[in-house]
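Novice: Next up, upload-v3.txt (compact mmCIF, C-alpha atoms).
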# COMPACT_ATOMS: atom_id res chain seq x y z
CA MET H 10 91.25 73.11 76.49
CA LYS H 11 91.16 69.46 75.45
CA LEU H 12 88.11 68.13 73.64
CA HIS H 13 86.48 64.89 74.74
CA PHE H 14 85.02 62.54 72.14
CA GLU H 15 82.36 59.99 73.01
CA GLU H 16 83.60 56.65 71.71
CA LYS H 17 80.56 54.43 72.27
CA LEU H 18 77.65 56.15 70.52
CA PRO H 19 75.55 53.28 69.10
CA HIS H 20 74.72 54.91 65.76
CA GLN H 21 78.38 55.70 65.10
CA LEU H 22 79.56 52.21 66.05
CA ALA H 23 76.88 50.72 63.77
CA ALA H 24 78.12 52.77 60.82
CA ILE H 25 81.72 51.74 61.48
CA GLU H 26 80.77 48.07 61.78
CA ALA H 27 78.74 48.20 58.58
CA VAL H 28 81.80 49.25 56.57
CA CYS H 29 84.25 46.95 58.32
CA ASP H 30 81.98 43.95 57.88
CA LEU H 31 82.13 44.39 54.10
CA PHE H 32 85.60 42.83 54.36
CA ARG H 33 84.85 40.05 56.80
CA GLY H 34 87.20 37.16 56.00
CA GLN H 35 89.91 39.42 54.56
CA GLU H 36 93.39 38.44 55.69
CA VAL H 37 95.85 41.03 56.98
CA CYS H 38 98.21 41.67 54.09
CA ARG H 39 99.61 44.34 51.82
CA THR H 40 101.13 44.72 48.38
CA GLU H 41 104.56 46.16 47.58
CA PHE H 42 105.89 48.01 44.54
CA THR H 43 108.95 50.04 43.59
CA VAL H 44 109.11 53.78 44.14
CA SER H 45 112.06 55.48 42.43
CA ARG H 46 113.72 58.80 43.13
CA ARG H 47 116.11 60.54 40.79
CA THR H 48 118.87 62.37 42.60
CA GLY H 49 122.08 64.20 41.75
CA SER H 50 123.19 65.06 45.28
CA PRO H 51 124.81 62.99 48.04
CA GLN H 52 122.37 61.13 50.26
CA LEU H 53 123.39 59.72 53.62
CA GLY H 54 127.06 60.13 52.72
CA LEU H 55 126.78 58.29 49.41
CA ALA H 56 127.65 60.19 46.25
CA LEU H 57 125.15 59.28 43.54
CA GLU H 58 125.77 60.06 39.90
CA GLU H 59 123.55 62.56 38.13
CA GLY H 60 120.31 60.91 37.02
CA MET H 61 120.89 57.81 39.12
CA GLU H 62 117.75 56.30 40.62
CA GLU H 63 117.39 55.49 44.29
CA SER H 64 114.62 52.98 44.82
CA ALA H 65 112.39 52.29 47.77
CA LEU H 66 109.49 49.99 48.40
CA GLY H 67 106.01 51.36 48.07
CA VAL H 68 103.26 49.85 50.23
CA GLY H 69 99.68 49.46 49.08
CA ASN H 70 96.37 47.94 50.07
CA ARG H 71 95.55 44.44 48.87
CA LEU H 72 92.17 42.76 48.73
CA THR H 73 92.17 38.96 48.88
CA LEU H 74 88.39 38.45 48.93
CA MET H 75 86.57 37.40 45.78
CA ASP H 76 83.65 39.48 44.48
CA ASP H 77 81.10 36.91 45.62
CA GLU H 78 82.53 37.01 49.14
CA VAL H 79 82.28 40.80 49.29
CA HIS H 80 78.75 40.55 47.88
CA GLY H 81 77.79 38.07 50.58
CA ASN H 82 79.16 40.41 53.23
CA LEU H 83 77.27 43.32 51.70
CA VAL H 84 73.98 41.44 51.78
CA SER H 85 74.51 40.53 55.42
CA VAL H 86 75.12 44.19 56.29
CA GLN H 87 72.07 45.30 54.31
CA LEU H 88 69.74 42.77 55.93
CA ARG H 89 71.06 43.66 59.38
CA ASN H 90 70.18 47.30 58.74
CA GLY H 91 66.77 46.69 57.18
CA LEU H 92 67.85 47.44 53.62
CA PRO H 93 66.87 45.50 50.49
CA PRO H 94 69.74 43.20 49.51
CA SER H 95 71.68 43.88 46.33
CA GLU H 96 71.34 41.14 43.72
CA THR H 97 74.89 41.64 42.46
CA LEU H 98 78.05 43.52 43.34
CA ALA H 99 77.81 46.19 40.67
CA ASP H 100 81.10 47.95 41.50
CA GLY H 101 83.28 48.93 44.41
CA ASN H 102 81.13 51.89 45.46
CA PHE H 103 79.36 51.67 48.82
CA THR H 104 77.07 54.38 50.20
CA VAL H 105 76.83 55.13 53.91
CA GLU H 106 73.94 57.46 54.76
CA MET H 107 74.10 59.42 58.01
CA GLU H 108 71.87 62.24 59.17
CA THR H 109 73.45 65.69 59.33
CA GLY H 110 74.93 66.35 62.78
CA THR H 111 75.48 62.70 63.71
CA GLY H 112 79.28 62.77 63.46
CA LYS H 113 79.89 61.67 59.86
CA THR H 114 83.49 62.95 59.76
CA TYR H 115 84.36 61.29 63.06
CA VAL H 116 82.84 58.04 61.83
CA TYR H 117 84.78 57.80 58.60
CA LEU H 118 88.05 58.85 60.26
CA ARG H 119 87.62 56.21 62.96
CA THR H 120 86.71 53.68 60.27
CA VAL H 121 90.22 54.24 58.85
CA PHE H 122 91.74 52.97 62.09
CA GLU H 123 89.33 50.04 62.38
CA LEU H 124 90.06 48.90 58.83
CA ASN H 125 93.76 49.07 59.59
CA LYS H 126 93.39 47.19 62.87
CA ARG H 127 91.29 44.38 61.40
CA TYR H 128 92.68 44.01 57.88
CA GLY H 129 95.94 45.97 57.64
CA PHE H 130 94.75 48.58 55.13
CA THR H 131 96.98 51.67 55.27
CA LYS H 132 96.23 53.97 52.32
CA PHE H 133 93.20 56.25 52.42
CA VAL H 134 92.21 59.31 50.39
CA VAL H 135 89.44 61.61 51.59
CA VAL H 136 87.92 63.41 48.59
CA VAL H 137 85.83 66.52 49.23
CA PRO H 138 84.00 68.98 46.96
CA SER H 139 85.46 72.26 48.25
CA VAL H 140 88.39 73.96 49.95
CA ALA H 141 86.20 74.84 52.95
CA ILE H 142 85.30 71.19 53.59
CA LYS H 143 88.91 70.17 52.99
CA GLU H 144 90.04 72.53 55.74
CA GLY H 145 87.28 71.24 58.00
CA VAL H 146 88.38 67.62 57.56
CA TYR H 147 92.00 68.56 58.20
CA LYS H 148 90.98 70.35 61.39
CA SER H 149 89.03 67.25 62.47
CA LEU H 150 92.14 65.13 61.96
CA GLN H 151 94.14 67.53 64.11
CA ILE H 152 91.70 67.58 67.02
CA THR H 153 91.00 63.83 67.00
CA ALA H 154 94.64 62.70 66.64
CA ASP H 155 95.25 62.17 70.36
CA HIS H 156 91.83 60.55 70.75
CA PHE H 157 92.59 57.97 68.07
CA ARG H 158 96.08 57.34 69.42
CA GLY H 159 94.48 56.50 72.75
CA LEU H 160 91.87 54.22 71.20
CA TYR H 161 94.30 52.39 68.93
CA ALA H 162 97.41 51.89 71.06
CA ASN H 163 99.41 54.70 69.48
CA THR H 164 99.20 53.19 66.01
CA PRO H 165 101.44 55.44 63.88
CA PHE H 166 99.64 57.46 61.23
CA ASP H 167 100.22 60.49 59.05
CA TYR H 168 97.75 62.87 57.46
CA PHE H 169 98.12 65.81 55.12
CA VAL H 170 96.26 68.06 52.73
CA TYR H 171 97.35 67.50 49.14
CA ASP H 172 99.37 70.48 47.86
CA SER H 173 100.66 70.49 44.29
CA ALA H 174 103.73 72.40 45.54
CA LYS H 175 104.58 69.61 48.01
CA LEU H 176 104.57 66.49 45.87
CA GLY H 177 107.14 64.84 48.13
CA GLU H 178 104.22 64.15 50.47
CA VAL H 179 102.63 62.03 47.73
CA ARG H 180 105.82 59.99 47.44
CA ASN H 181 105.82 59.48 51.21
CA PHE H 182 102.14 58.49 51.00
CA ALA H 183 103.13 55.70 48.62
CA ALA H 184 106.28 54.56 50.45
CA SER H 185 105.24 54.69 54.11
CA PRO H 186 104.11 51.47 55.84
CA ASN H 187 102.03 53.51 58.31
CA ILE H 188 98.43 54.64 57.99
CA GLN H 189 98.34 57.48 55.48
CA VAL H 190 95.37 59.83 55.05
CA MET H 191 95.46 62.27 52.16
CA VAL H 192 92.76 64.97 52.05
CA ILE H 193 92.13 66.36 48.58
CA THR H 194 89.50 68.30 46.66
CA VAL H 195 87.93 66.71 43.60
CA GLY H 196 89.23 69.65 41.56
CA ALA H 197 92.79 68.55 42.31
CA ILE H 198 92.22 65.14 40.73
CA ASN H 199 90.21 66.23 37.69
CA LYS H 200 92.56 65.60 34.79
CA PHE H 201 92.10 68.92 33.01
CA GLY H 202 91.12 72.40 34.04
CA ASP H 203 88.33 74.37 32.39
CA GLU H 204 90.69 75.91 29.85
CA GLY H 205 91.63 72.52 28.45
CA GLU H 206 87.97 71.59 28.06
CA ALA H 207 87.11 74.63 25.93
CA ALA H 208 86.23 74.13 22.29
CA ALA H 209 89.00 75.35 19.95
CA GLU H 210 90.76 74.55 16.74
CA GLU H 211 92.06 71.01 16.84
CA ALA H 212 95.79 71.87 16.85
CA ASP H 213 95.40 74.51 19.54
CA GLU H 214 93.21 72.24 21.65
CA ALA H 215 95.99 69.67 22.12
CA ARG H 216 98.41 72.37 23.28
CA ARG H 217 95.86 73.87 25.64
CA ARG H 218 95.00 70.54 27.19
CA GLU H 219 98.67 69.80 27.84
CA LYS H 220 99.18 73.24 29.35
CA SER H 221 96.17 72.92 31.63
CA LYS H 222 96.82 69.33 32.62
CA ASN H 223 96.52 68.92 36.36
CA VAL H 224 99.83 68.68 38.27
CA MET H 225 98.63 65.32 39.57
CA TYR H 226 99.03 63.97 36.01
CA ARG H 227 102.47 65.43 35.26
CA ALA H 228 105.78 63.66 35.88
CA SER H 229 107.78 65.44 38.58
CA GLU H 230 111.29 65.23 40.01
CA LYS H 231 109.72 65.43 43.47
CA THR H 232 108.08 62.06 42.84
CA GLY H 233 111.11 60.39 41.26
CA GLY H 234 110.15 61.31 37.72
CA GLU H 235 106.75 59.64 38.07
CA LYS H 236 103.28 61.11 37.81
CA PRO H 237 101.81 61.60 41.29
CA ILE H 238 98.58 59.93 40.16
CA ASP H 239 100.54 56.77 39.28
CA LEU H 240 101.97 56.57 42.80
CA VAL H 241 98.51 56.96 44.29
CA ARG H 242 97.05 54.37 41.91
CA ALA H 243 99.73 51.85 42.83
CA THR H 244 98.63 51.93 46.49
CA ARG H 245 95.03 50.87 45.63
CA PRO H 246 93.71 53.47 48.09
CA ILE H 247 90.39 53.26 49.87
CA LEU H 248 88.56 56.41 48.82
CA ILE H 249 86.33 58.17 51.31
CA VAL H 250 84.04 60.61 49.52
CA ASP H 251 82.48 63.36 51.62
CA GLU H 252 79.28 64.77 50.06
CA PRO H 253 79.44 62.55 46.95
CA GLN H 254 76.50 64.31 45.33
CA SER H 255 78.73 67.40 45.06
CA VAL H 256 81.90 65.49 44.18
CA ASP H 257 80.45 63.48 41.29
CA GLY H 258 80.17 66.44 38.94
CA GLY H 259 76.55 66.47 37.81
CA LEU H 260 75.39 64.93 34.55
CA GLU H 261 78.86 64.96 33.00
CA GLY H 262 80.23 63.05 35.97
CA ARG H 263 83.76 64.41 35.70
CA GLY H 264 84.33 63.98 39.42
CA ARG H 265 83.13 60.38 39.33
CA LYS H 266 85.51 59.66 36.44
CA ALA H 267 88.36 61.27 38.37
CA LEU H 268 87.67 58.95 41.31
CA ASP H 269 87.78 55.91 39.04
CA ARG H 270 91.17 57.00 37.67
CA MET H 271 92.64 56.63 41.16
CA ASN H 272 92.33 52.82 40.94
CA PRO H 273 90.62 52.51 44.34
CA LEU H 274 90.32 49.25 46.24
CA CYS H 275 86.82 50.53 47.04
CA THR H 276 84.98 53.83 47.38
CA LEU H 277 83.03 54.68 50.54
CA ARG H 278 80.49 57.42 49.84
CA TYR H 279 79.28 59.25 52.95
CA SER H 280 76.16 61.35 52.47
CA ALA H 281 72.99 62.55 54.19
CA PRO H 282 69.78 60.67 53.28
Could the structure of this file be written out as structure tokens, please?
Specialist:
Amino acid sequence: MKLHFEEKLPHQLAAIEAVCDLFRGQEVCRTEFTVSRRTGSPQLGLALEEGMEESALGVGNRLTLMDDEVHGNLVSVQLRNGLPPSETLADGNFTVEMETGTGKTYVYLRTVFELNKRYGFTKFVVVVPSVAIKEGVYKSLQITADHFRGLYANTPFDYFVYDSAKLGEVRNFAASPNIQVMVITVGAINKFGDEGEAAAEEADEARRREKSKNVMYRASEKTGGEKPIDLVRATRPILIVDEPQSVDGGLEGRGRKALDRMNPLCTLRYSAP
């Protein structure tokens, strides 16, 4: 059985346009950086010496608009939707409120393709509060893949669930010129686990924090000797936060701090009013 998705629902198109219009005037462009890989085995018939680095280009998002231009776009979107205009552009966080059951996941996934089509953005990270929601988003990507290929002329794209045992996918996320969608829980990007946050004697605390440090913040051979978080940061990803009230981390705001450490081009926060 093949599912059919309605592509012209007015409330969904309005939500997509609201986000895309934040970047009105943005030119299609990207940024490039070096991604290294240490290798001691032959690659493509070439014998590389132990420890030798094989480099590739990483591809990231690039914003050419000035803050006042983004602010002007924001005000236009707010006025169009009957919202009070913001006096300043406080930060790169933008909230999109959608009623439960109106297709929030479909909207932000389709927004990925629209932002790519209009402005050339390719790197997106969907951050969710729980494993259950992570699996739900991944399932949505699977069942909408053919739908989006049909809508967007078979634009190549890849999507994956972040797995600390498969860090090569993070390297590919950084190096690929295609649309990349990484789905990740906020717990996977918090810098330290609960053990490292516990109060202890000062000398022991440093050791515990290092031991509990999230894999995302450790250098790995699978990412060319780099920390996975540094590869993600270099791409200036657009963050899509599902249920931000649960992701942020309460009064301590550990989740919000973790989002900031990803060096996002902007953060789109999708929530129910």
Novice: If you count all atoms listed in the file, which residues fall within 12 Å of Gly258 of chain H, apart from same-chain ones fewer than 5 positions away, as a JSON list (two decimals) with C-alpha atoms, in the coordinates of the input?
Specialist:
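The new file out24.json reads:
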[["chain", "number", "residue", "atom", "x", "y", "z"],
["H", 137, "VAL", "CA", 85.83, 66.52, 49.23],
["H", 138, "PRO", "CA", 84.00, 68.98, 46.96],
["H", 195, "VAL", "CA", 87.93, 66.71, 43.60],
["H", 196, "GLY", "CA", 89.23, 69.65, 41.56],
["H", 199, "ASN", "CA", 90.21, 66.23, 37.69],
["H", 252, "GLU", "CA", 79.28, 64.77, 50.06],
["H", 253, "PRO", "CA", 79.44, 62.55, 46.95],
["H", 263, "ARG", "CA", 83.76, 64.41, 35.70],
["H", 264, "GLY", "CA", 84.33, 63.98, 39.42],
["H", 265, "ARG", "CA", 83.13, 60.38, 39.33],
["H", 266, "LYS", "CA", 85.51, 59.66, 36.44],
["H", 267, "ALA", "CA", 88.36, 61.27, 38.37],
["H", 268, "LEU", "CA", 87.67, 58.95, 41.31]]
Novice: What's around segment 92-103 of chain H at 9 Å? Count all atoms listed in the file, leave out sequence neighbours fewer than 2 positions away in its own chain, and write the answer as a VMD selection string.
Specialist: chain H and resid 28 76 to 77 79 to 80 83 to 90 105 273 to 279
Novice: To one decimal in Å, tell me the separation between atom CA of Val121 of chain H and atom CA of Ala162 of chain H.
Specialist: 14.4 Å
Novice: To one decimal place, how far is atom CA of Phe32 of chain H from atom CA of Asn181 of chain H in Å?
Specialist: 26.4 Å
Novice: Record the distance separating atom CA of Ala197 of chain H and atom CA of Lys126 of chain H, expressed in Å with one decimal.
Specialist: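 According to the coordinates, atom CA of Ala197 of chain H and atom CA of Lys126 of chain H are separated by 29.7 Å.
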Novice: Compare H:Asn82, H:Asn223, H:Thr244, H:Thr73 by their minimum atom-to-atom distance to Pro186 of chain H, counting all atoms listed in the file, and give me the closest one.
Specialist: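 Checking each of H:Asn82, H:Asn223, H:Thr244, H:Thr73 against Pro186 of chain H, counting all atoms listed in the file, the winner is H:Thr244.
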Novice: Just want the 12 Å neighbourhood of Phe182 of chain H, counted on only C-alpha atoms, with same-chain residues fewer than 5 positions away dropped. Output as a ChimeraX atom specification.
Specialist: /H:44,66-69,131-134,166-171,175-177,187-192,232,237-246
Novice: Any chance you could export the current selection's C-alpha atoms as a PDB file, keeping the file's coordinate frame?
Specialist:
ATOM      1  CA  VAL H  44     109.110  53.780  44.140  1.00  0.00           C
ATOM      2  CA  LEU H  66     109.490  49.990  48.400  1.00  0.00           C
ATOM      3  CA  GLY H  67     106.010  51.360  48.070  1.00  0.00           C
ATOM      4  CA  VAL H  68     103.260  49.850  50.230  1.00  0.00           C
ATOM      5  CA  GLY H  69      99.680  49.460  49.080  1.00  0.00           C
ATOM      6  CA  THR H 131      96.980  51.670  55.270  1.00  0.00           C
ATOM      7  CA  LYS H 132      96.230  53.970  52.320  1.00  0.00           C
ATOM      8  CA  PHE H 133      93.200  56.250  52.420  1.00  0.00           C
ATOM      9  CA  VAL H 134      92.210  59.310  50.390  1.00  0.00           C
ATOM     10  CA  PHE H 166      99.640  57.460  61.230  1.00  0.00           C
ATOM     11  CA  ASP H 167     100.220  60.490  59.050  1.00  0.00           C
ATOM     12  CA  TYR H 168      97.750  62.870  57.460  1.00  0.00           C
ATOM     13  CA  PHE H 169      98.120  65.810  55.120  1.00  0.00           C
ATOM     14  CA  VAL H 170      96.260  68.060  52.730  1.00  0.00           C
ATOM     15  CA  TYR H 171      97.350  67.500  49.140  1.00  0.00           C
ATOM     16  CA  LYS H 175     104.580  69.610  48.010  1.00  0.00           C
ATOM     17  CA  LEU H 176     104.570  66.490  45.870  1.00  0.00           C
ATOM     18  CA  GLY H 177     107.140  64.840  48.130  1.00  0.00           C
ATOM     19  CA  ASN H 187     102.030  53.510  58.310  1.00  0.00           C
ATOM     20  CA  ILE H 188      98.430  54.640  57.990  1.00  0.00           C
ATOM     21  CA  GLN H 189      98.340  57.480  55.480  1.00  0.00           C
ATOM     22  CA  VAL H 190      95.370  59.830  55.050  1.00  0.00           C
ATOM     23  CA  MET H 191      95.460  62.270  52.160  1.00  0.00           C
ATOM     24  CA  VAL H 192      92.760  64.970  52.050  1.00  0.00           C
ATOM     25  CA  THR H 232     108.080  62.060  42.840  1.00  0.00           C
ATOM     26  CA  PRO H 237     101.810  61.600  41.290  1.00  0.00           C
ATOM     27  CA  ILE H 238      98.580  59.930  40.160  1.00  0.00           C
ATOM     28  CA  ASP H 239     100.540  56.770  39.280  1.00  0.00           C
ATOM     29  CA  LEU H 240     101.970  56.570  42.800  1.00  0.00           C
ATOM     30  CA  VAL H 241      98.510  56.960  44.290  1.00  0.00           C
ATOM     31  CA  ARG H 242      97.050  54.370  41.910  1.00  0.00           C
ATOM     32  CA  ALA H 243      99.730  51.850  42.830  1.00  0.00           C
ATOM     33  CA  THR H 244      98.630  51.930  46.490  1.00  0.00           C
ATOM     34  CA  ARG H 245      95.030  50.870  45.630  1.00  0.00           C
ATOM     35  CA  PRO H 246      93.710  53.470  48.090  1.00  0.00           C
TER      36      PRO H 246
END
Novice: Skip Glu36 of chain H itself and residues of its chain fewer than 3 positions away, then list as a PyMOL selection string all residues within 10 Å of it, counting all atoms listed in the file.
Specialist: chain H and resi 32-33+39+71-74+127-129
